[in-house]
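Peer 1: Okay, handing you the structure first.
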Amino acid sequence: MSGGAHEPAAGLKLYHPPMSLWWWLERRAYFKIVVRELTSLFVGAFAVVTLLQIRAVGDGPEPYAAFAAMLGSPAFITFSVVAFLAVLFHALTWFPLVPTTIVLRVGEQRVPGNIIAGAHFAGWLIVSVVVAYILLRG
Amino acid sequence: MAKRTLTPFWWFLMGAGGMVSAMLFPVHVLLFGLAFPLGWFEAPAYESLHALVAHPITRLYLFVFIFLPLFHAAHRIRYTVYDLFRVQPSMHQPIAVVCYGAATAGTIAAAYTLLTIS
């Protein structure tokens, strides 16, 4: 993304104002954005855990039992607590952002953003209940 | 004319993966990461879990569950690394290649696993 228009003329150096490596700690809003973006570390990690779990299911009952035991280890429970808080924060910050990317119109009227966000929160609840029902029905 | 870039494509995958992970990950992490290991609820028996995973619709579900969130994470990690570590522009492309490369590798592994699981 090096823009040619911003290249300095030959022999000149661009002035970069000093900026701390800790810029994201200087304001609450910056910090929140960085935390929000870092939740994706746990999204990626849990996607990998799920893939390994599927492999364990495919490998047979004993490998799966070993995998389930590993999920119950203190280290993994710690991971899951942090991962749960991270994906929860991700969901709680994601749905309010959806109206900035989706513009819905009914006739001439634009659907208000809080209705779009609210519909996503309701959908989240329904989807979660359905997934839990499928896994808990025994 | 403006140079075409892949940015909208990566951004689309980031958005789709953000939606999938926001909708589905909390309940999955809560159940598989905490509720089942800690015995809050009885975990599904191996046979029923195996039958569930082997079903074609579940395989498709799990592929989407892994593929899109991996690209969501790759995209967000890429730009967060740029910003947090104040990365020089010359290093931007290698970091992007590592991020999307890892997501692509995970996607291929997921497709292989879900197609070959017996």
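By convention here, the chains of the structure tokens are called A, B, ... in the order presented, each chain's residues are numbered starting at 1, and ligands are numbered starting at 1 in the order presented.
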What are the residues of chain A that have an atom within 6 Å of an atom of chain B, counting only C-alpha atoms, as a PyMOL selection string?
Peer 2: chain A and resi 37+40+44+47+58+72+80+84+87-88+91+124+128+138
Peer 1: Would you return as a list in words the members of stretch 1-136 of chain A that DSSP assigns to strand (DSSP E) on this structure's backbone?
Peer 2: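 Taking stretch 1-136 of chain A and keeping strand (DSSP E) only, one gets Arg105, Val106, Gln109 and Arg110 of chain A.
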Peer 1: Can you pull out the residues contacting A:Ile115? Cut-off 12 Å, using only C-alpha atoms, and skip same-chain residues under 3 positions away; I want them as number ranges by chain.
Peer 2: A: 95-96, 98-99, 102-105, 110-112, 118-122
Peer 1: Save the residues we just selected, all heavy atoms, as a CSV table (one decimal), in the first residue's frame?
Peer 2:
chain,number,residue,atom,x,y,z
A,95,PHE,N,-22.2,-7.1,16.8
A,95,PHE,CA,-23.6,-6.9,16.3
A,95,PHE,C,-23.9,-5.4,16.3
A,95,PHE,O,-24.6,-4.9,15.3
A,95,PHE,CB,-24.6,-7.6,17.2
A,95,PHE,CG,-24.4,-9.1,17.1
A,95,PHE,CD1,-24.2,-9.9,18.2
A,95,PHE,CD2,-24.4,-9.8,15.9
A,95,PHE,CE1,-24.0,-11.3,18.1
A,95,PHE,CE2,-24.2,-11.1,15.7
A,95,PHE,CZ,-24.0,-11.9,16.9
A,96,PRO,N,-23.5,-4.6,17.2
A,96,PRO,CA,-23.7,-3.1,17.1
A,96,PRO,C,-23.1,-2.5,15.9
A,96,PRO,O,-23.5,-1.4,15.5
A,96,PRO,CB,-23.2,-2.5,18.4
A,96,PRO,CG,-23.2,-3.7,19.4
A,96,PRO,CD,-22.9,-4.9,18.6
A,98,VAL,N,-22.9,-4.0,12.9
A,98,VAL,CA,-23.5,-4.5,11.7
A,98,VAL,C,-24.2,-3.4,10.9
A,98,VAL,O,-24.1,-3.3,9.7
A,98,VAL,CB,-24.4,-5.7,11.9
A,98,VAL,CG1,-25.1,-6.1,10.7
A,98,VAL,CG2,-23.6,-6.9,12.5
A,99,PRO,N,-25.0,-2.5,11.6
A,99,PRO,CA,-25.7,-1.4,10.9
A,99,PRO,C,-24.8,-0.5,10.1
A,99,PRO,O,-25.3,0.2,9.2
A,99,PRO,CB,-26.5,-0.7,11.9
A,99,PRO,CG,-26.6,-1.6,13.1
A,99,PRO,CD,-25.3,-2.5,13.0
A,102,ILE,N,-24.6,-2.7,6.8
A,102,ILE,CA,-25.8,-3.1,6.1
A,102,ILE,C,-26.8,-1.9,6.1
A,102,ILE,O,-27.1,-1.4,7.2
A,102,ILE,CB,-26.4,-4.3,6.8
A,102,ILE,CG1,-25.5,-5.5,6.7
A,102,ILE,CG2,-27.8,-4.7,6.2
A,102,ILE,CD1,-26.1,-6.8,7.4
A,103,VAL,N,-27.2,-1.6,4.9
A,103,VAL,CA,-28.2,-0.5,4.8
A,103,VAL,C,-29.5,-1.2,4.3
A,103,VAL,O,-29.5,-1.7,3.1
A,103,VAL,CB,-27.8,0.6,3.9
A,103,VAL,CG1,-28.9,1.6,3.7
A,103,VAL,CG2,-26.6,1.3,4.5
A,104,LEU,N,-30.5,-1.2,5.1
A,104,LEU,CA,-31.8,-1.9,4.6
A,104,LEU,C,-32.8,-0.8,4.4
A,104,LEU,O,-32.9,0.1,5.2
A,104,LEU,CB,-32.3,-2.8,5.7
A,104,LEU,CG,-31.8,-4.3,5.7
A,104,LEU,CD1,-32.5,-5.1,6.8
A,104,LEU,CD2,-32.0,-4.9,4.4
A,105,ARG,N,-33.6,-0.9,3.4
A,105,ARG,CA,-34.7,0.0,3.1
A,105,ARG,C,-36.0,-0.7,3.0
A,105,ARG,O,-36.1,-1.8,2.4
A,105,ARG,CB,-34.4,0.8,1.9
A,105,ARG,CG,-33.4,1.9,2.0
A,105,ARG,CD,-33.1,2.6,0.7
A,105,ARG,NE,-31.8,3.2,0.7
A,105,ARG,CZ,-31.5,4.3,1.3
A,105,ARG,NH1,-32.4,4.9,1.9
A,105,ARG,NH2,-30.3,4.8,1.3
A,110,ARG,N,-35.4,4.1,5.5
A,110,ARG,CA,-34.2,3.3,5.9
A,110,ARG,C,-34.5,2.7,7.3
A,110,ARG,O,-35.0,3.4,8.2
A,110,ARG,CB,-33.0,4.3,6.0
A,110,ARG,CG,-31.8,3.5,6.3
A,110,ARG,CD,-30.5,4.3,6.1
A,110,ARG,NE,-29.4,3.6,6.7
A,110,ARG,CZ,-28.2,4.1,6.7
A,110,ARG,NH1,-27.9,5.2,6.2
A,110,ARG,NH2,-27.2,3.4,7.3
A,111,VAL,N,-34.2,1.4,7.4
A,111,VAL,CA,-34.4,0.7,8.6
A,111,VAL,C,-33.4,1.2,9.7
A,111,VAL,O,-32.2,1.2,9.4
A,111,VAL,CB,-34.3,-0.8,8.5
A,111,VAL,CG1,-34.5,-1.5,9.8
A,111,VAL,CG2,-35.3,-1.3,7.4
A,112,PRO,N,-33.9,1.7,10.9
A,112,PRO,CA,-32.9,2.2,11.8
A,112,PRO,C,-31.9,1.2,12.3
A,112,PRO,O,-32.2,0.0,12.3
A,112,PRO,CB,-33.8,2.6,13.0
A,112,PRO,CG,-35.2,2.6,12.5
A,112,PRO,CD,-35.3,1.7,11.3
A,118,GLY,N,-30.5,-5.1,16.8
A,118,GLY,CA,-31.4,-5.9,17.7
A,118,GLY,C,-31.8,-7.2,17.0
A,118,GLY,O,-31.8,-8.2,17.7
A,119,ALA,N,-32.0,-7.2,15.7
A,119,ALA,CA,-32.4,-8.4,15.0
A,119,ALA,C,-31.2,-9.4,15.1
A,119,ALA,O,-31.4,-10.6,15.3
A,119,ALA,CB,-32.7,-8.1,13.6
A,120,HIS,N,-30.0,-8.9,15.0
A,120,HIS,CA,-28.8,-9.8,15.1
A,120,HIS,C,-28.7,-10.3,16.5
A,120,HIS,O,-28.3,-11.5,16.7
A,120,HIS,CB,-27.6,-9.1,14.6
A,120,HIS,CG,-27.4,-9.0,13.1
A,120,HIS,ND1,-28.1,-8.0,12.4
A,120,HIS,CD2,-26.8,-9.7,12.3
A,120,HIS,CE1,-27.8,-8.2,11.1
A,120,HIS,NE2,-27.0,-9.2,11.0
A,121,PHE,N,-28.9,-9.5,17.5
A,121,PHE,CA,-28.8,-10.0,18.9
A,121,PHE,C,-29.9,-11.1,19.1
A,121,PHE,O,-29.6,-12.2,19.7
A,121,PHE,CB,-29.0,-8.9,19.9
A,121,PHE,CG,-27.8,-8.2,20.2
A,121,PHE,CD1,-27.5,-6.9,19.7
A,121,PHE,CD2,-26.8,-8.7,21.0
A,121,PHE,CE1,-26.4,-6.2,20.0
A,121,PHE,CE2,-25.6,-8.1,21.4
A,121,PHE,CZ,-25.4,-6.8,20.8
A,122,ALA,N,-31.1,-10.9,18.6
A,122,ALA,CA,-32.2,-11.9,18.7
A,122,ALA,C,-31.8,-13.2,17.9
A,122,ALA,O,-32.0,-14.3,18.5
A,122,ALA,CB,-33.5,-11.3,18.1
Peer 1: Give the answer as one residue: which of B:Tyr82, B:Tyr112, B:Tyr100, B:Tyr61 has the shortest atom-to-atom distance to A:Leu21, using only C-alpha atoms?
Peer 2: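 Comparing B:Tyr82, B:Tyr112, B:Tyr100, B:Tyr61 against A:Leu21, the winner is B:Tyr82.
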Peer 1: Would you work out the distance separating atom CA of A:Ser20 from atom CA of A:Ile33, expressed in Å to one decimal?
Peer 2: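 Pair atom CA of A:Ser20 / atom CA of A:Ile33 returns 16.8 Å.
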Peer 1: Taking only C-alpha atoms into account, name the residue in A:Ala29, A:Val48, A:Leu14, A:Ile134 that is nearest to B:Ala102.
Peer 2: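 Smallest distance to B:Ala102 is found for A:Val48.
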